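Q: Just one file: start-v5.cif, with mmCIF, C-alpha atoms.
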data_entry
#
loop_
_atom_site.group_PDB
_atom_site.id
_atom_site.type_symbol
_atom_site.label_atom_id
_atom_site.label_comp_id
_atom_site.auth_asym_id
_atom_site.auth_seq_id
_atom_site.Cartn_x
_atom_site.Cartn_y
_atom_site.Cartn_z
ATOM 1 C CA MET A 1 -89.646 116.952 130.652
ATOM 2 C CA ARG A 2 -85.930 116.463 131.038
ATOM 3 C CA LEU A 3 -84.471 113.222 129.819
ATOM 4 C CA THR A 4 -82.912 111.098 132.534
ATOM 5 C CA PHE A 5 -80.548 108.173 132.175
ATOM 6 C CA PRO A 6 -79.774 105.664 134.938
ATOM 7 C CA TYR A 7 -76.097 105.024 135.543
ATOM 8 C CA THR A 8 -73.808 103.125 137.867
ATOM 9 C CA VAL A 9 -70.442 104.137 139.261
ATOM 10 C CA SER A 10 -67.843 101.631 140.405
ATOM 11 C CA LEU A 11 -64.628 102.422 142.245
ATOM 12 C CA LEU A 12 -61.866 100.546 140.424
ATOM 13 C CA SER A 13 -58.955 101.825 142.481
ATOM 14 C CA ASP A 14 -58.107 104.792 144.690
ATOM 15 C CA ASP A 15 -58.050 107.071 141.672
ATOM 16 C CA GLN A 16 -60.255 105.439 139.025
ATOM 17 C CA TYR A 17 -64.040 105.371 138.674
ATOM 18 C CA ARG A 18 -66.006 103.499 136.019
ATOM 19 C CA LEU A 19 -69.318 105.001 134.978
ATOM 20 C CA SER A 20 -71.748 103.132 132.735
ATOM 21 C CA PHE A 21 -75.299 103.707 131.531
ATOM 22 C CA ARG A 22 -77.954 101.002 131.575
ATOM 23 C CA GLY A 23 -79.298 100.262 128.120
ATOM 24 C CA TYR A 24 -76.315 101.809 126.351
ATOM 25 C CA ASP A 25 -72.874 100.529 125.509
ATOM 26 C CA VAL A 26 -71.228 103.487 127.223
ATOM 27 C CA SER A 27 -68.574 103.039 129.851
ATOM 28 C CA VAL A 28 -65.844 105.472 130.854
ATOM 29 C CA VAL A 29 -63.044 105.365 133.401
ATOM 30 C CA GLU A 30 -61.840 108.626 134.905
ATOM 31 C CA PRO A 31 -60.085 109.848 138.079
ATOM 32 C CA THR A 32 -63.248 111.479 139.481
ATOM 33 C CA VAL A 33 -66.970 110.844 139.179
ATOM 34 C CA GLY A 34 -67.428 114.383 137.813
ATOM 35 C CA GLU A 35 -64.909 113.794 135.036
ATOM 36 C CA ALA A 36 -66.568 110.452 134.262
ATOM 37 C CA LEU A 37 -69.970 112.161 133.965
ATOM 38 C CA ASP A 38 -68.533 114.828 131.664
ATOM 39 C CA ALA A 39 -66.860 112.240 129.425
ATOM 40 C CA ALA A 40 -69.906 109.976 129.427
ATOM 41 C CA GLN A 41 -72.282 112.733 128.302
ATOM 42 C CA ALA A 42 -70.562 113.096 124.937
ATOM 43 C CA LEU A 43 -70.537 109.327 124.396
ATOM 44 C CA LEU A 44 -74.160 108.975 125.433
ATOM 45 C CA LEU A 45 -75.185 111.746 123.017
ATOM 46 C CA GLU A 46 -73.413 109.896 120.194
ATOM 47 C CA LYS A 47 -75.287 106.687 121.042
ATOM 48 C CA ILE A 48 -78.636 108.489 121.194
ATOM 49 C CA ASP A 49 -77.892 110.160 117.854
ATOM 50 C CA GLU A 50 -77.097 106.736 116.339
ATOM 51 C CA ARG A 51 -80.384 105.287 117.614
ATOM 52 C CA LEU A 52 -82.363 108.194 116.221
ATOM 53 C CA LYS A 53 -80.603 107.913 112.839
ATOM 54 C CA GLU A 54 -81.532 104.213 112.814
ATOM 55 C CA GLY A 55 -85.154 105.245 113.295
ATOM 56 C CA ARG A 56 -85.315 104.004 116.874
ATOM 57 C CA THR A 57 -87.256 105.992 119.442
ATOM 58 C CA ASP A 58 -86.346 103.871 122.497
ATOM 59 C CA ILE A 59 -83.831 106.287 123.875
ATOM 60 C CA GLU A 60 -84.610 106.589 127.571
ATOM 61 C CA PRO A 61 -84.161 103.455 129.717
ATOM 62 C CA ARG A 62 -86.557 103.057 132.625
ATOM 63 C CA ALA A 63 -85.058 104.044 135.936
ATOM 64 C CA LEU A 64 -85.270 101.592 138.800
ATOM 65 C CA PRO A 65 -85.577 102.492 142.488
ATOM 66 C CA GLY A 66 -82.206 103.504 143.885
ATOM 67 C CA ASP A 67 -80.688 104.367 140.495
ATOM 68 C CA SER A 68 -78.405 107.346 140.115
ATOM 69 C CA LEU A 69 -79.805 109.546 137.361
ATOM 70 C CA PHE A 70 -77.988 111.620 134.796
ATOM 71 C CA PHE A 71 -80.007 114.602 133.524
ATOM 72 C CA PHE A 72 -79.444 116.165 130.143
ATOM 73 C CA SER A 73 -79.748 119.929 129.920
ATOM 74 C CA VAL A 74 -83.154 121.303 129.025
ATOM 75 C CA LEU A 75 -81.972 122.206 125.509
ATOM 76 C CA LEU A 76 -80.561 118.733 124.805
ATOM 77 C CA SER A 77 -83.701 117.124 126.174
ATOM 78 C CA VAL A 78 -85.867 119.299 123.916
ATOM 79 C CA LYS A 79 -83.701 118.503 120.876
ATOM 80 C CA VAL A 80 -83.897 114.752 121.481
ATOM 81 C CA LEU A 81 -87.662 114.921 122.040
ATOM 82 C CA LEU A 82 -88.060 116.963 118.834
ATOM 83 C CA ARG A 83 -86.046 114.405 116.871
ATOM 84 C CA ARG A 84 -88.090 111.562 118.356
ATOM 85 C CA ARG A 85 -91.349 113.332 117.456
ATOM 86 C CA CYS A 86 -90.163 113.875 113.879
ATOM 87 C CA LEU A 87 -89.357 110.165 113.583
ATOM 88 C CA GLU A 88 -92.685 109.086 115.031
ATOM 89 C CA ALA A 89 -94.637 111.462 112.774
ATOM 90 C CA GLY A 90 -92.544 110.828 109.649
ATOM 91 C CA ILE A 91 -91.457 114.458 109.461
ATOM 92 C CA THR A 92 -88.252 114.864 107.459
ATOM 93 C CA THR A 93 -85.772 117.697 107.746
ATOM 94 C CA ALA A 94 -87.147 119.112 104.486
ATOM 95 C CA GLU A 95 -90.694 118.998 105.852
ATOM 96 C CA LEU A 96 -89.627 120.659 109.106
ATOM 97 C CA SER A 97 -87.896 123.421 107.148
ATOM 98 C CA ARG A 98 -91.042 123.929 105.048
ATOM 99 C CA ARG A 99 -93.273 124.075 108.145
ATOM 100 C CA MET A 100 -90.968 126.576 109.837
ATOM 101 C CA GLY A 101 -90.255 128.661 106.732
ATOM 102 C CA LEU A 102 -86.513 127.984 106.960
ATOM 103 C CA ARG A 103 -83.832 126.777 104.612
ATOM 104 C CA PRO A 104 -83.151 123.025 104.977
ATOM 105 C CA ILE A 105 -79.668 123.681 106.399
ATOM 106 C CA GLU A 106 -81.226 125.708 109.228
ATOM 107 C CA ALA A 107 -83.699 122.924 110.051
ATOM 108 C CA SER A 108 -80.818 120.460 109.960
ATOM 109 C CA ARG A 109 -78.971 122.513 112.574
ATOM 110 C CA ILE A 110 -82.050 122.572 114.800
ATOM 111 C CA LEU A 111 -82.117 118.752 114.724
ATOM 112 C CA ASP A 112 -78.343 118.442 115.291
ATOM 113 C CA LEU A 113 -77.735 117.447 118.914
ATOM 114 C CA ALA A 114 -74.281 119.037 118.887
ATOM 115 C CA HIS A 115 -75.496 122.402 117.573
ATOM 116 C CA ALA A 116 -76.559 125.038 120.106
ATOM 117 C CA THR A 117 -80.006 126.375 119.264
ATOM 118 C CA LYS A 118 -81.898 129.187 120.950
ATOM 119 C CA ILE A 119 -84.819 128.043 123.049
ATOM 120 C CA ASP A 120 -87.274 130.277 121.156
ATOM 121 C CA THR A 121 -86.241 128.534 117.927
ATOM 122 C CA MET A 122 -86.769 125.174 119.611
ATOM 123 C CA GLU A 123 -90.214 126.326 120.717
ATOM 124 C CA ARG A 124 -91.083 127.174 117.084
ATOM 125 C CA ALA A 125 -89.776 123.793 115.918
ATOM 126 C CA LEU A 126 -91.829 121.936 118.514
ATOM 127 C CA TYR A 127 -94.919 123.880 117.498
ATOM 128 C CA ALA A 128 -94.270 122.959 113.852
ATOM 129 C CA VAL A 129 -94.438 119.245 114.727
ATOM 130 C CA GLY A 130 -97.497 119.506 116.951
ATOM 131 C CA LEU A 131 -95.838 119.834 120.340
ATOM 132 C CA GLU A 132 -95.892 122.626 122.870
ATOM 133 C CA LEU A 133 -93.025 123.698 125.092
ATOM 134 C CA ASP A 134 -93.994 124.025 128.725
ATOM 135 C CA PHE A 135 -91.631 124.609 131.615
ATOM 136 C CA SER A 136 -91.583 125.205 135.302
ATOM 137 C CA VAL A 137 -89.132 126.466 137.855
ATOM 138 C CA ARG A 138 -89.326 125.143 141.381
ATOM 139 C CA PRO A 139 -87.126 124.879 144.462
ATOM 140 C CA ARG A 140 -84.928 121.799 144.544
ATOM 141 C CA GLU A 141 -85.645 119.544 147.479
ATOM 142 C CA ASP A 142 -82.062 118.236 147.485
ATOM 143 C CA TRP A 143 -80.350 121.601 147.094
ATOM 144 C CA ASP A 144 -76.905 121.511 148.627
ATOM 145 C CA GLU A 145 -75.055 124.214 146.662
ATOM 146 C CA THR A 146 -73.375 121.594 144.459
ATOM 147 C CA PRO A 147 -72.186 123.249 141.230
ATOM 148 C CA TYR A 148 -74.410 122.645 138.177
ATOM 149 C CA ARG A 149 -73.051 120.144 135.646
#
Please express what this file holds, its structure, as structure tokens.

A:
Amino acid sequence: MRLTFPYTVSLLSDDQYRLSFRGYDVSVVEPTVGEALDAAQALLLEKIDERLKEGRTDIEPRALPGDSLFFFSVLLSVKVLLRRRCLEAGITTAELSRRMGLRPIEASRILDLAHATKIDTMERALYAVGLELDFSVRPREDWDETPYR
């Protein structure tokens, strides 16, 4: 399951677009929609990280019909879902490191949204908290050769 976040884009002038996410105090203004999406991702990750550190698990606003959706990468989605599961189950970083047989600093890196972690390590971490990684690959219905973001 990839995390999705509804957003709106407004044209402010001939060369300025404002992008904002529903449910988050994130708004950026950039010359192109692509640049706005790139800039907004980092801000959105910071806001999600803050919510998780506050112990909140309400991280994904409900999309409404007609919304534009921003998709996090598979790895970021898995990291956020792992962090949410740890919060819900009361699993600390120390407990995760014990369950995985790692040093606490290594478990801390796994939970760090900004740290790149191998997918096989993420699979082990999910297993340690009672989750299972499942994935699928399928043809995109809307494929138009647009570069991946």

Q: One decimal, Å: what's the distance from atom CA of A:Ile105 over to atom CA of A:Glu54, could you say?

A: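 Atom CA of A:Glu54 lies 20.6 Å from atom CA of A:Ile105.
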
Q: With the file shown as input, list the residues that the PyMOL selection byres ((chain A and resi 47) around 12) selects, as number ranges by chain.

A: A: 21, 23-27, 40-46, 48-54, 56, 58-60, 80, 113

Q: With C-alpha atoms retained, write the just-selected residues as a PDB file, in the coordinates of the input.

A:
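out.pdb was written with the following content:
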ATOM      1  CA  PHE A  21     -75.299 103.707 131.531  1.00  0.00           C
ATOM      2  CA  GLY A  23     -79.298 100.262 128.120  1.00  0.00           C
ATOM      3  CA  TYR A  24     -76.315 101.809 126.351  1.00  0.00           C
ATOM      4  CA  ASP A  25     -72.874 100.529 125.509  1.00  0.00           C
ATOM      5  CA  VAL A  26     -71.228 103.487 127.223  1.00  0.00           C
ATOM      6  CA  SER A  27     -68.574 103.039 129.851  1.00  0.00           C
ATOM      7  CA  ALA A  40     -69.906 109.976 129.427  1.00  0.00           C
ATOM      8  CA  GLN A  41     -72.282 112.733 128.302  1.00  0.00           C
ATOM      9  CA  ALA A  42     -70.562 113.096 124.937  1.00  0.00           C
ATOM     10  CA  LEU A  43     -70.537 109.327 124.396  1.00  0.00           C
ATOM     11  CA  LEU A  44     -74.160 108.975 125.433  1.00  0.00           C
ATOM     12  CA  LEU A  45     -75.185 111.746 123.017  1.00  0.00           C
ATOM     13  CA  GLU A  46     -73.413 109.896 120.194  1.00  0.00           C
ATOM     14  CA  ILE A  48     -78.636 108.489 121.194  1.00  0.00           C
ATOM     15  CA  ASP A  49     -77.892 110.160 117.854  1.00  0.00           C
ATOM     16  CA  GLU A  50     -77.097 106.736 116.339  1.00  0.00           C
ATOM     17  CA  ARG A  51     -80.384 105.287 117.614  1.00  0.00           C
ATOM     18  CA  LEU A  52     -82.363 108.194 116.221  1.00  0.00           C
ATOM     19  CA  LYS A  53     -80.603 107.913 112.839  1.00  0.00           C
ATOM     20  CA  GLU A  54     -81.532 104.213 112.814  1.00  0.00           C
ATOM     21  CA  ARG A  56     -85.315 104.004 116.874  1.00  0.00           C
ATOM     22  CA  ASP A  58     -86.346 103.871 122.497  1.00  0.00           C
ATOM     23  CA  ILE A  59     -83.831 106.287 123.875  1.00  0.00           C
ATOM     24  CA  GLU A  60     -84.610 106.589 127.571  1.00  0.00           C
ATOM     25  CA  VAL A  80     -83.897 114.752 121.481  1.00  0.00           C
ATOM     26  CA  LEU A 113     -77.735 117.447 118.914  1.00  0.00           C
TER      27      LEU A 113
END

Q: Please compute the atom CA of A:Gln16-atom CA of A:Thr32 distance, one decimal, in Å.

A: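 So the answer is 6.8 Å.
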
Q: By how many Å are atom CA of A:Arg22 and atom CA of A:Thr8 apart?

A: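 Between these atoms lies a distance of 7.8 Å.
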
Q: Could you expand the PyMOL selection byres ((chain A and resi 13) around 12) into the explicit residues it covers here, written as an mmCIF file with C-alpha atoms, keeping the file's coordinate frame?

A:
data_model
loop_
_atom_site.group_PDB
_atom_site.id
_atom_site.type_symbol
_atom_site.label_atom_id
_atom_site.label_comp_id
_atom_site.auth_asym_id
_atom_site.auth_seq_id
_atom_site.Cartn_x
_atom_site.Cartn_y
_atom_site.Cartn_z
ATOM 1 C CA SER A 10 -67.843 101.631 140.405
ATOM 2 C CA LEU A 11 -64.628 102.422 142.245
ATOM 3 C CA LEU A 12 -61.866 100.546 140.424
ATOM 4 C CA ASP A 14 -58.107 104.792 144.690
ATOM 5 C CA ASP A 15 -58.050 107.071 141.672
ATOM 6 C CA GLN A 16 -60.255 105.439 139.025
ATOM 7 C CA TYR A 17 -64.040 105.371 138.674
ATOM 8 C CA ARG A 18 -66.006 103.499 136.019
ATOM 9 C CA VAL A 29 -63.044 105.365 133.401
ATOM 10 C CA GLU A 30 -61.840 108.626 134.905
ATOM 11 C CA PRO A 31 -60.085 109.848 138.079
ATOM 12 C CA THR A 32 -63.248 111.479 139.481
#

Q: Between A:Ala125, A:Met100, A:Ala36, A:Ala116, which one has atoms that come closest to A:Phe70, using all atoms listed in the file?

A: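 Smallest distance to A:Phe70 is found for A:Ala36.
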
Q: Listed atoms of stretch 69-80 of chain A, axis-aligned box, 8 Å per side: centre and edge lengths to one decimal in Å, as AutoDock Vina command-line options?

A:
--center_x -81.9 --center_y 115.9 --center_z 129.1 --size_x 23.9 --size_y 28.7 --size_z 32.5

Q: Which residues, named as in the file, does the PyMOL selection byres ((chain A and resi 106) around 12) pick out? Answer as JSON, numbers by chain.

A: {"A": [93, 94, 96, 97, 98, 100, 101, 102, 103, 104, 105, 107, 108, 109, 110, 111, 112, 115, 116, 117, 121, 122, 125]}

Q: Taking all atoms listed in the file into account, which of A:Val33, A:Val28, A:Leu82, A:Ala63 comes nearest A:Pro6?

A: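 With all atoms listed in the file as the atom set, the closest residue is A:Ala63.
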
Q: Compile the contact shell of A:Leu87 as a PyMOL selection string: residues with an atom at most 9 Å away, counting only C-alpha atoms, same-chain residues fewer than 2 positions apart removed.

A: chain A and resi 52+55-57+82-85+89-92

Q: Could you list, as a PyMOL selection string, every residue within 10 Å of A:Ser73, counting all atoms listed in the file and ignoring same-chain residues fewer than 5 positions away?

A: chain A and resi 2-4+78-79+149

Q: Ranking A:Ala114, A:Ala128, A:Arg140, A:Ser68 by minimum distance to A:Val9 and counting only C-alpha atoms, which one comes first?

A: A:Ser68
